[in-house]
file final.txt (compact mmCIF, C-alpha atoms)
# COMPACT_ATOMS: atom_id res chain seq x y z
CA MET A 26 -81.28 -29.05 -8.55
CA ALA A 27 -84.32 -26.88 -7.81
CA GLU A 28 -85.72 -24.67 -10.57
CA THR A 29 -87.81 -21.51 -10.40
CA GLU A 30 -90.92 -20.67 -12.43
CA ILE A 31 -88.79 -19.16 -15.21
CA GLY A 32 -86.84 -22.40 -15.60
CA MET A 33 -83.62 -21.22 -13.94
CA SER A 34 -82.06 -23.16 -11.11
CA THR A 35 -81.56 -21.43 -7.78
CA ASP A 36 -77.79 -21.67 -8.29
CA ASN A 37 -78.09 -19.95 -11.67
CA ILE A 38 -80.10 -17.13 -10.07
CA LYS A 39 -77.46 -16.67 -7.37
CA GLY A 40 -74.80 -16.56 -10.06
CA LEU A 41 -76.86 -14.07 -12.07
CA LEU A 42 -77.25 -11.65 -9.14
CA LEU A 43 -73.56 -11.87 -8.30
CA ALA A 44 -72.63 -11.25 -11.95
CA LEU A 45 -74.85 -8.15 -12.10
CA SER A 46 -73.27 -6.68 -8.96
CA SER A 47 -69.85 -7.50 -10.40
CA SER A 48 -70.63 -5.51 -13.56
CA LEU A 49 -71.57 -2.50 -11.46
CA PHE A 50 -68.29 -2.47 -9.56
CA ILE A 51 -66.07 -3.27 -12.53
CA GLY A 52 -67.74 -0.71 -14.79
CA ALA A 53 -67.08 2.00 -12.22
CA SER A 54 -63.50 0.84 -11.63
CA PHE A 55 -62.47 1.43 -15.26
CA ILE A 56 -63.26 5.13 -14.95
CA VAL A 57 -61.71 5.61 -11.52
CA LYS A 58 -58.53 3.75 -12.48
CA LYS A 59 -58.32 5.75 -15.70
CA LYS A 60 -58.38 9.03 -13.80
CA GLY A 61 -55.77 7.69 -11.40
CA LEU A 62 -53.48 6.61 -14.24
CA LYS A 63 -53.80 10.03 -15.90
CA LYS A 64 -53.01 11.81 -12.65
CA ALA A 65 -50.01 9.57 -11.97
CA GLY A 66 -48.74 9.92 -15.54
CA ALA A 67 -48.76 13.71 -15.22
CA SER A 68 -46.15 13.56 -12.46
CA GLY A 69 -44.09 10.54 -13.47
CA ILE A 70 -43.50 7.79 -16.02
CA ARG A 71 -46.71 6.50 -17.59
CA ALA A 72 -47.71 2.86 -17.07
CA GLY A 73 -47.73 2.41 -20.86
CA ALA A 74 -44.06 3.41 -20.92
CA GLY A 75 -43.14 0.94 -18.19
CA GLY A 76 -43.65 3.21 -15.18
CA TYR A 77 -45.26 2.26 -11.87
CA THR A 78 -45.93 5.69 -10.35
CA TYR A 79 -49.64 4.84 -10.33
CA LEU A 80 -48.92 2.59 -7.33
CA PHE A 81 -48.52 5.78 -5.27
CA GLU A 82 -51.75 7.34 -6.55
CA PRO A 83 -54.70 6.96 -4.09
CA LEU A 84 -57.27 7.36 -6.87
CA TRP A 85 -55.83 4.38 -8.72
CA TRP A 86 -56.06 2.29 -5.54
CA ILE A 87 -59.70 3.27 -5.08
CA GLY A 88 -60.36 2.04 -8.59
CA MET A 89 -58.35 -1.09 -7.89
CA ILE A 90 -60.30 -1.85 -4.71
CA THR A 91 -63.55 -1.32 -6.61
CA MET A 92 -62.37 -3.71 -9.31
CA ILE A 93 -61.35 -6.28 -6.68
CA ALA A 94 -64.84 -6.06 -5.15
CA GLY A 95 -66.30 -6.69 -8.58
CA GLU A 96 -63.93 -9.58 -9.23
CA ILE A 97 -64.84 -11.16 -5.88
CA ALA A 98 -68.51 -11.02 -6.83
CA ASN A 99 -67.57 -12.42 -10.24
CA PHE A 100 -65.52 -15.14 -8.56
CA ALA A 101 -68.51 -16.17 -6.47
CA ALA A 102 -70.80 -16.09 -9.52
CA TYR A 103 -68.67 -18.71 -11.30
CA ALA A 104 -69.10 -21.06 -8.33
CA PHE A 105 -72.88 -21.07 -8.87
CA ALA A 106 -73.46 -20.59 -12.60
CA PRO A 107 -71.79 -21.71 -15.85
CA ALA A 108 -69.26 -19.40 -17.49
CA ILE A 109 -71.45 -19.14 -20.59
CA LEU A 110 -74.02 -17.31 -18.39
CA VAL A 111 -71.72 -15.25 -16.17
CA THR A 112 -69.09 -13.99 -18.62
CA PRO A 113 -71.33 -12.33 -21.28
CA LEU A 114 -73.02 -10.27 -18.55
CA GLY A 115 -69.79 -8.31 -18.37
CA ALA A 116 -71.29 -6.25 -21.19
CA LEU A 117 -73.34 -4.46 -18.56
CA SER A 118 -70.12 -3.06 -17.12
CA ILE A 119 -69.57 -1.32 -20.47
CA ILE A 120 -72.94 0.39 -20.17
CA ILE A 121 -71.96 1.56 -16.69
CA SER A 122 -68.56 2.71 -17.96
CA ALA A 123 -70.21 4.67 -20.78
CA ALA A 124 -72.62 6.37 -18.39
CA LEU A 125 -69.86 7.30 -15.94
CA ALA A 126 -67.54 8.43 -18.76
CA HIS A 127 -70.35 10.75 -19.87
CA ALA A 128 -70.75 12.15 -16.36
CA ILE A 129 -67.14 12.18 -15.12
CA LEU A 130 -64.85 12.26 -18.17
CA GLN A 131 -67.22 14.50 -20.16
CA GLU A 132 -67.41 11.97 -23.00
CA LYS A 133 -70.69 12.46 -24.88
CA LEU A 134 -72.97 9.48 -25.46
CA HIS A 135 -74.46 9.52 -28.99
CA THR A 136 -77.99 8.29 -29.72
CA PHE A 137 -76.49 5.24 -31.42
CA GLY A 138 -74.51 4.66 -28.25
CA ILE A 139 -77.77 4.48 -26.31
CA LEU A 140 -79.03 1.98 -28.90
CA GLY A 141 -75.85 -0.01 -28.34
CA CYS A 142 -76.60 -0.10 -24.61
CA ALA A 143 -80.12 -1.37 -25.35
CA LEU A 144 -78.73 -4.13 -27.59
CA CYS A 145 -76.39 -5.22 -24.79
CA VAL A 146 -79.35 -5.53 -22.43
CA VAL A 147 -81.40 -7.51 -24.98
CA GLY A 148 -78.51 -9.86 -25.73
CA SER A 149 -77.79 -10.37 -22.03
CA THR A 150 -81.45 -11.19 -21.38
CA THR A 151 -81.46 -13.75 -24.21
CA ILE A 152 -78.40 -15.50 -22.80
CA VAL A 153 -79.79 -15.50 -19.26
CA LEU A 154 -83.05 -17.12 -20.36
CA HIS A 155 -81.33 -19.84 -22.42
CA ALA A 156 -78.23 -20.52 -20.33
CA PRO A 157 -77.41 -24.14 -19.48
CA GLN A 158 -77.81 -25.38 -15.92
CA GLU A 159 -74.72 -25.60 -13.75
CA ARG A 160 -72.97 -28.97 -13.89
CA GLU A 161 -73.16 -31.04 -10.69
CA ILE A 162 -69.61 -31.48 -9.35
CA GLU A 163 -68.81 -33.32 -6.11
CA SER A 164 -65.04 -32.77 -5.87
CA VAL A 165 -62.29 -30.51 -7.17
CA LYS A 166 -60.72 -33.71 -8.55
CA GLU A 167 -63.55 -33.84 -11.09
CA VAL A 168 -62.63 -30.35 -12.29
CA TRP A 169 -58.98 -31.34 -12.50
CA ASP A 170 -59.92 -34.34 -14.64
CA LEU A 171 -61.81 -32.00 -16.99
CA ALA A 172 -58.84 -29.61 -17.13
CA THR A 173 -56.39 -32.39 -18.00
CA GLU A 174 -58.36 -33.84 -20.89
CA PRO A 175 -56.45 -33.63 -24.22
CA ALA A 176 -58.76 -31.05 -25.80
CA PHE A 177 -58.36 -28.49 -23.01
CA LEU A 178 -54.63 -29.17 -22.62
CA LEU A 179 -54.24 -28.37 -26.31
CA TYR A 180 -56.22 -25.15 -25.88
CA ALA A 181 -54.11 -24.12 -22.85
CA ALA A 182 -50.87 -24.84 -24.73
CA ILE A 183 -51.98 -22.69 -27.68
CA VAL A 184 -53.00 -19.83 -25.37
CA ILE A 185 -49.73 -19.82 -23.40
CA THR A 186 -47.61 -20.06 -26.55
CA ALA A 187 -49.48 -17.19 -28.20
CA ALA A 188 -49.12 -14.99 -25.08
CA VAL A 189 -45.37 -15.63 -24.85
CA VAL A 190 -44.86 -14.85 -28.54
CA ILE A 191 -46.82 -11.59 -28.24
CA ILE A 192 -44.86 -10.51 -25.16
CA ILE A 193 -41.45 -11.29 -26.65
CA ARG A 194 -41.90 -10.53 -30.35
CA VAL A 195 -44.88 -8.22 -30.83
CA ILE A 196 -44.98 -5.78 -27.90
CA PRO A 197 -41.56 -4.17 -28.60
CA HIS A 198 -42.71 -3.17 -32.09
CA TYR A 199 -46.46 -2.61 -31.87
CA GLY A 200 -47.41 -2.29 -28.19
CA GLN A 201 -47.68 1.50 -28.25
CA THR A 202 -49.65 1.78 -31.51
CA HIS A 203 -51.95 -1.25 -31.71
CA VAL A 204 -54.56 -1.62 -28.99
CA MET A 205 -55.04 -5.33 -29.78
CA VAL A 206 -51.54 -6.22 -28.57
CA TYR A 207 -51.98 -5.61 -24.83
CA ILE A 208 -55.62 -6.68 -24.89
CA SER A 209 -54.77 -9.98 -26.59
CA ILE A 210 -52.54 -10.96 -23.68
CA CYS A 211 -55.19 -9.96 -21.12
CA SER A 212 -57.87 -11.94 -22.96
CA LEU A 213 -55.81 -15.07 -23.61
CA MET A 214 -54.65 -15.35 -20.02
CA GLY A 215 -58.09 -14.29 -18.83
CA SER A 216 -59.74 -17.33 -20.40
CA LEU A 217 -57.43 -19.60 -18.41
CA SER A 218 -57.91 -17.60 -15.22
CA VAL A 219 -61.71 -17.89 -15.45
CA MET A 220 -61.52 -21.67 -15.75
CA SER A 221 -59.23 -21.79 -12.71
CA VAL A 222 -61.39 -19.29 -10.81
CA LYS A 223 -64.43 -21.46 -11.45
CA ALA A 224 -62.55 -24.53 -10.22
CA LEU A 225 -61.39 -22.68 -7.10
CA GLY A 226 -64.88 -21.30 -6.51
CA ILE A 227 -66.37 -24.78 -6.71
CA ALA A 228 -63.72 -26.04 -4.26
CA LEU A 229 -64.56 -23.30 -1.76
CA LYS A 230 -68.31 -23.81 -2.17
CA LEU A 231 -67.91 -27.51 -1.46
CA THR A 232 -65.62 -26.76 1.49
CA PHE A 233 -68.15 -24.39 3.06
CA SER A 234 -70.84 -27.03 2.59
CA GLY A 235 -68.83 -29.50 4.68
CA MET A 236 -66.73 -31.31 2.05
CA ASN A 237 -63.21 -29.99 2.64
CA GLN A 238 -61.43 -29.54 -0.69
CA LEU A 239 -58.40 -27.72 0.77
CA LEU A 240 -56.78 -31.08 1.44
CA TYR A 241 -56.41 -31.77 -2.27
CA PRO A 242 -53.30 -30.48 -4.11
CA GLN A 243 -55.48 -29.71 -7.13
CA THR A 244 -57.13 -26.86 -5.19
CA TRP A 245 -53.76 -25.21 -4.57
CA ALA A 246 -52.64 -25.82 -8.16
CA PHE A 247 -55.71 -23.93 -9.41
CA THR A 248 -54.93 -21.16 -6.88
CA LEU A 249 -51.41 -20.69 -8.28
CA ILE A 250 -52.74 -20.61 -11.84
CA VAL A 251 -55.28 -17.95 -10.86
CA LEU A 252 -52.58 -15.78 -9.25
CA ALA A 253 -50.24 -16.05 -12.23
CA CYS A 254 -52.96 -15.27 -14.78
CA VAL A 255 -54.52 -12.40 -12.81
CA ILE A 256 -51.16 -10.69 -12.20
CA THR A 257 -50.44 -10.88 -15.94
CA GLN A 258 -53.90 -9.51 -16.78
CA ILE A 259 -53.60 -6.55 -14.38
CA ASN A 260 -50.15 -5.63 -15.66
CA TYR A 261 -51.11 -5.53 -19.34
CA LEU A 262 -54.55 -4.05 -18.72
CA ASN A 263 -52.85 -1.14 -16.95
CA LYS A 264 -50.60 -0.66 -19.97
CA ALA A 265 -53.59 -0.75 -22.32
CA LEU A 266 -55.62 1.74 -20.25
CA ASP A 267 -52.69 4.12 -19.95
CA THR A 268 -51.79 3.96 -23.64
CA PHE A 269 -55.27 4.02 -25.20
CA ASN A 270 -58.61 5.61 -24.37
CA ALA A 271 -60.92 3.77 -21.98
CA ALA A 272 -63.63 3.91 -24.67
CA VAL A 273 -61.38 1.77 -26.90
CA VAL A 274 -59.97 -0.63 -24.31
CA SER A 275 -63.17 -1.55 -22.48
CA PRO A 276 -65.31 -2.91 -25.36
CA ILE A 277 -62.51 -4.65 -27.24
CA TYR A 278 -61.28 -6.28 -24.05
CA TYR A 279 -64.81 -7.44 -23.29
CA VAL A 280 -65.33 -8.96 -26.74
CA MET A 281 -62.02 -10.84 -26.84
CA PHE A 282 -62.11 -11.94 -23.22
CA THR A 283 -65.71 -13.15 -23.40
CA SER A 284 -65.26 -14.98 -26.71
CA LEU A 285 -62.18 -16.85 -25.50
CA THR A 286 -63.74 -17.61 -22.11
CA ILE A 287 -66.87 -19.09 -23.69
CA LEU A 288 -64.66 -21.17 -25.99
CA ALA A 289 -62.59 -22.40 -23.04
CA SER A 290 -65.72 -23.22 -21.02
CA VAL A 291 -67.32 -25.14 -23.88
CA ILE A 292 -64.12 -27.17 -24.26
CA MET A 293 -63.47 -27.80 -20.55
CA PHE A 294 -66.92 -27.96 -18.95
CA LYS A 295 -68.80 -29.06 -22.09
CA ASP A 296 -71.54 -26.48 -21.49
CA TRP A 297 -73.33 -27.32 -24.73
CA ASP A 298 -73.47 -31.07 -24.20
CA GLY A 299 -77.11 -32.22 -24.16
CA LYS A 300 -78.41 -28.98 -25.73
CA ASN A 301 -80.15 -29.02 -29.09
CA ALA A 302 -79.09 -26.90 -32.05
CA SER A 303 -81.82 -24.27 -31.56
CA GLN A 304 -80.74 -23.60 -27.97
CA ILE A 305 -77.11 -23.24 -28.96
CA VAL A 306 -78.00 -20.94 -31.88
CA THR A 307 -80.18 -18.81 -29.58
CA GLU A 308 -77.30 -18.38 -27.14
CA ILE A 309 -74.94 -17.49 -29.97
CA CYS A 310 -77.46 -14.94 -31.30
CA GLY A 311 -77.70 -13.41 -27.84
CA PHE A 312 -73.93 -13.12 -27.70
CA VAL A 313 -73.76 -11.63 -31.21
CA THR A 314 -76.41 -9.09 -30.15
CA ILE A 315 -74.22 -8.10 -27.23
CA LEU A 316 -71.20 -7.79 -29.53
CA SER A 317 -73.21 -5.58 -31.90
CA GLY A 318 -74.28 -3.32 -29.07
CA THR A 319 -70.76 -3.16 -27.70
CA PHE A 320 -69.22 -2.16 -31.03
CA LEU A 321 -72.00 0.32 -31.75
CA LEU A 322 -71.42 1.93 -28.37
CA HIS A 323 -67.67 2.02 -29.00
CA GLU A 324 -67.74 3.27 -32.59
CA THR A 325 -70.14 6.14 -31.86
CA LYS A 326 -68.26 7.22 -28.75
CA ASP A 327 -66.70 10.24 -30.50
CA MET A 328 -69.66 11.19 -32.65
CA VAL A 329 -71.84 14.19 -31.86
CA GLU A 330 -75.52 14.55 -32.69
CA GLY A 331 -76.10 15.63 -36.30
CA SER A 332 -72.55 14.75 -37.34
CA SER A 333 -71.87 12.76 -40.53
CA GLN A 334 -68.32 12.07 -39.49
CA SER A 335 -67.05 8.57 -40.26
CA LEU A 336 -66.34 6.07 -37.54
CA SER A 337 -62.73 6.04 -36.44
CA LEU A 338 -60.24 4.62 -34.07
CA ARG A 339 -58.37 6.96 -31.77
CA LEU A 340 -54.69 7.54 -31.24
CA PRO A 341 -52.91 6.24 -28.16
CA LYS A 342 -53.14 8.69 -25.28
CA HIS A 343 -49.55 9.86 -25.37
CA GLU A 344 -49.71 10.71 -29.08
CA GLU A 345 -52.82 12.81 -28.54
CA GLU A 346 -51.13 14.67 -25.73
CA ASP A 347 -47.95 15.19 -27.74
CA GLU A 348 -49.95 16.84 -30.50
CA GLY A 349 -51.70 19.15 -28.04
CA LEU A 350 -55.14 17.68 -28.59
CA ASP A 351 -57.85 17.03 -26.04
CA PRO A 352 -57.03 13.49 -24.86
CA GLU A 353 -60.66 12.58 -24.17
CA GLY A 354 -62.78 13.89 -26.98
CA ILE A 355 -61.31 14.08 -30.49
CA PRO A 356 -61.33 11.24 -33.03
CA LEU A 357 -58.07 11.06 -34.95
CA ARG A 358 -56.40 8.68 -37.39
CA GLN A 359 -58.21 6.03 -39.38
CA LEU A 360 -57.36 2.36 -39.06
CA ASP A 361 -55.27 2.26 -42.26
CA THR A 362 -52.87 4.86 -40.87
CA LEU A 363 -52.06 2.77 -37.80
CA GLY A 364 -50.08 0.15 -39.65
CA PRO A 365 -46.28 0.13 -39.88
CA LYS A 366 -44.75 2.40 -42.51

call {"tool": "encode", "arguments": {"input": "final.txt", "output": "structure tokens"}}
result
Amino acid sequence: MAETEIGMSTDNIKGLLLALSSSLFIGASFIVKKKGLKKAGASGIRAGAGGYTYLFEPLWWIGMITMIAGEIANFAAYAFAPAILVTPLGALSIIISAALAHAILQEKLHTFGILGCALCVVGSTTIVLHAPQEREIESVKEVWDLATEPAFLLYAAIVITAAVVIIIRVIPHYGQTHVMVYISICSLMGSLSVMSVKALGIALKLTFSGMNQLLYPQTWAFTLIVLACVITQINYLNKALDTFNAAVVSPIYYVMFTSLTILASVIMFKDWDGKNASQIVTEICGFVTILSGTFLLHETKDMVEGSSQSLSLRLPKHEEEDEGLDPEGIPLRQLDTLGPK
């Protein structure tokens, strides 16, 4: 595989460019979808309460189309570059979301928030420069063999079991008050969907290069898994966005989704095989830098310049509205008041 002067393969560079364009589209889609959900909720049952009036809201569909465009670019990126390179770059979508929230939703960006954005860029650059090369795969059957190894089967079983338990046992009691509930489902299923998306992307790349992979049942099995996981993600992400502020959902979703996806990729594709300890530690440090920037951006979202106010979580959207407060700009209860009484 050919490498450039900076030590990155041409496939990794293609994946990098596609991942960057994906972040642009997805970052914008969070804001547009949020405005569509708010508009739909004002005239019908909110998505967080089980309503689907947002399906008749054009603004939500614009956001959805923008997100689909970003996901297509992301899909293509996984066909060229390893998940450990592509997935962390999603942090850039948070920077875009923060900038657009400042301009469109009138959410102020604190100086520490700008520092958080800078940390995300530094961490992303570190990961890009130390990312492993894409594994050479000649057939979708090879990916299927990787997916059916005992270690990854165990991971998949744990993920599916956890998601089912959360849906059946946890959501009825804590779905409307704990942001982690909906996001956990999105992230757990998302890690499986990324592995299947990568497999499907590889199959299509090989097909377009003249080696038809559509004849293999494994290609269609990965397609069904992608559809099931993505539908689940969209459903619960809509509930999370409608129930909680975008400033809360976006960074937490990124952190959980990225962490689980990297774990799944390391288990399935063995991304760290053949890398020495210093390379692995450097990549982990880059990821931790991104996490630090993401949380700094999130935690200072409600702070104003010169304020000594403590960092806080924010109430779900419907509780803010019920109390007559501005649903976009006022920090409310602390974490210890969100637990069950």

call {"tool": "residues_around", "arguments": {"input": "final.txt", "residues": "A:Ser47", "least_positions_apart": "2", "cutoff": "7 Å", "atoms": "only C-alpha atoms", "output": "tab-separated table (two decimals) with C-alpha atoms, in the frame of the given file"}}
result
chain	number	residue	atom	x	y	z
A	43	LEU	CA	-73.56	-11.87	-8.30
A	44	ALA	CA	-72.63	-11.25	-11.95
A	45	LEU	CA	-74.85	-8.15	-12.10
A	49	LEU	CA	-71.57	-2.50	-11.46
A	50	PHE	CA	-68.29	-2.47	-9.56
A	51	ILE	CA	-66.07	-3.27	-12.53
A	95	GLY	CA	-66.30	-6.69	-8.58
A	96	GLU	CA	-63.93	-9.58	-9.23
A	98	ALA	CA	-68.51	-11.02	-6.83
A	99	ASN	CA	-67.57	-12.42	-10.24

call {"tool": "residues_around", "arguments": {"input": "final.txt", "residues": "A:Ala101", "least_positions_apart": "6", "cutoff": "12 Å", "atoms": "only C-alpha atoms", "output": "list of chain:residue names"}}
result
A:Asp36, A:Asn37, A:Lys39, A:Gly40, A:Leu41, A:Leu42, A:Leu43, A:Ala44, A:Leu45, A:Ser46, A:Ser47, A:Ala94, A:Gly95, A:Pro107, A:Ala108, A:Val111, A:Val219, A:Val222, A:Lys223, A:Ala224, A:Leu225, A:Gly226, A:Ile227, A:Ala228, A:Leu229, A:Lys230

call {"tool": "write_last_selection", "arguments": {"input": "final.txt", "atoms": "C-alpha atoms", "output": "compact mmCIF listing (two decimals), in the frame of the given file"}}
result
# COMPACT_ATOMS: atom_id res chain seq x y z
CA ASP A 36 -77.79 -21.67 -8.29
CA ASN A 37 -78.09 -19.95 -11.67
CA LYS A 39 -77.46 -16.67 -7.37
CA GLY A 40 -74.80 -16.56 -10.06
CA LEU A 41 -76.86 -14.07 -12.07
CA LEU A 42 -77.25 -11.65 -9.14
CA LEU A 43 -73.56 -11.87 -8.30
CA ALA A 44 -72.63 -11.25 -11.95
CA LEU A 45 -74.85 -8.15 -12.10
CA SER A 46 -73.27 -6.68 -8.96
CA SER A 47 -69.85 -7.50 -10.40
CA ALA A 94 -64.84 -6.06 -5.15
CA GLY A 95 -66.30 -6.69 -8.58
CA PRO A 107 -71.79 -21.71 -15.85
CA ALA A 108 -69.26 -19.40 -17.49
CA VAL A 111 -71.72 -15.25 -16.17
CA VAL A 219 -61.71 -17.89 -15.45
CA VAL A 222 -61.39 -19.29 -10.81
CA LYS A 223 -64.43 -21.46 -11.45
CA ALA A 224 -62.55 -24.53 -10.22
CA LEU A 225 -61.39 -22.68 -7.10
CA GLY A 226 -64.88 -21.30 -6.51
CA ILE A 227 -66.37 -24.78 -6.71
CA ALA A 228 -63.72 -26.04 -4.26
CA LEU A 229 -64.56 -23.30 -1.76
CA LYS A 230 -68.31 -23.81 -2.17

call {"tool": "atom_distance", "arguments": {"input": "final.txt", "atom1": "atom CA of A:Glu167", "atom2": "atom CA of A:Tyr241"}}
result
11.5 Å

call {"tool": "atom_distance", "arguments": {"input": "final.txt", "atom1": "atom CA of A:Lys60", "atom2": "atom CA of A:Asp267"}}
result
9.7 Å

call {"tool": "residues_near_point", "arguments": {"input": "final.txt", "point": "(-68.1, -0.9, -26.5)", "cutoff": "12 Å", "atoms": "only C-alpha atoms", "output": "NGL selection string"}}
result
:A and (52 or 115-124 or 134 or 137-142 or 144-145 or 270-281 or 315-327)

call {"tool": "residues_around", "arguments": {"input": "final.txt", "residues": "A:Trp86", "least_positions_apart": "4", "cutoff": "12 Å", "atoms": "all atoms listed in the file", "output": "list in words"}}
result
Ser54, Phe55, Val57, Lys58, Lys59, Lys60, Gly61, Leu62, Ala65, Thr78, Tyr79, Leu80, Phe81, Glu82, Ile90, Thr91, Met92 and Ile93 of chain A

call {"tool": "atom_distance", "arguments": {"input": "final.txt", "atom1": "atom CA of A:Leu179", "atom2": "atom CA of A:Ser221"}}
result
15.9 Å

call {"tool": "residues_around", "arguments": {"input": "final.txt", "residues": "A:Met293", "least_positions_apart": "6", "cutoff": "8 Å", "atoms": "only C-alpha atoms", "output": "VMD selection string"}}
result
chain A and resid 171 to 172 174 176 to 177

call {"tool": "closest_residue", "arguments": {"input": "final.txt", "among": "A:Ile109, A:His155, A:Leu285, A:Leu84", "to": "A:Asn301", "atoms": "only C-alpha atoms"}}
result
A:His155

call {"tool": "closest_residue", "arguments": {"input": "final.txt", "among": "A:Ile183, A:Leu110, A:Ala102, A:Ile210", "to": "A:Leu262", "atoms": "all atoms listed in the file"}}
result
A:Ile210

call {"tool": "closest_residue", "arguments": {"input": "final.txt", "among": "A:Tyr199, A:Trp245, A:Phe312, A:Tyr180", "to": "A:Val147", "atoms": "all atoms listed in the file"}}
result
A:Phe312
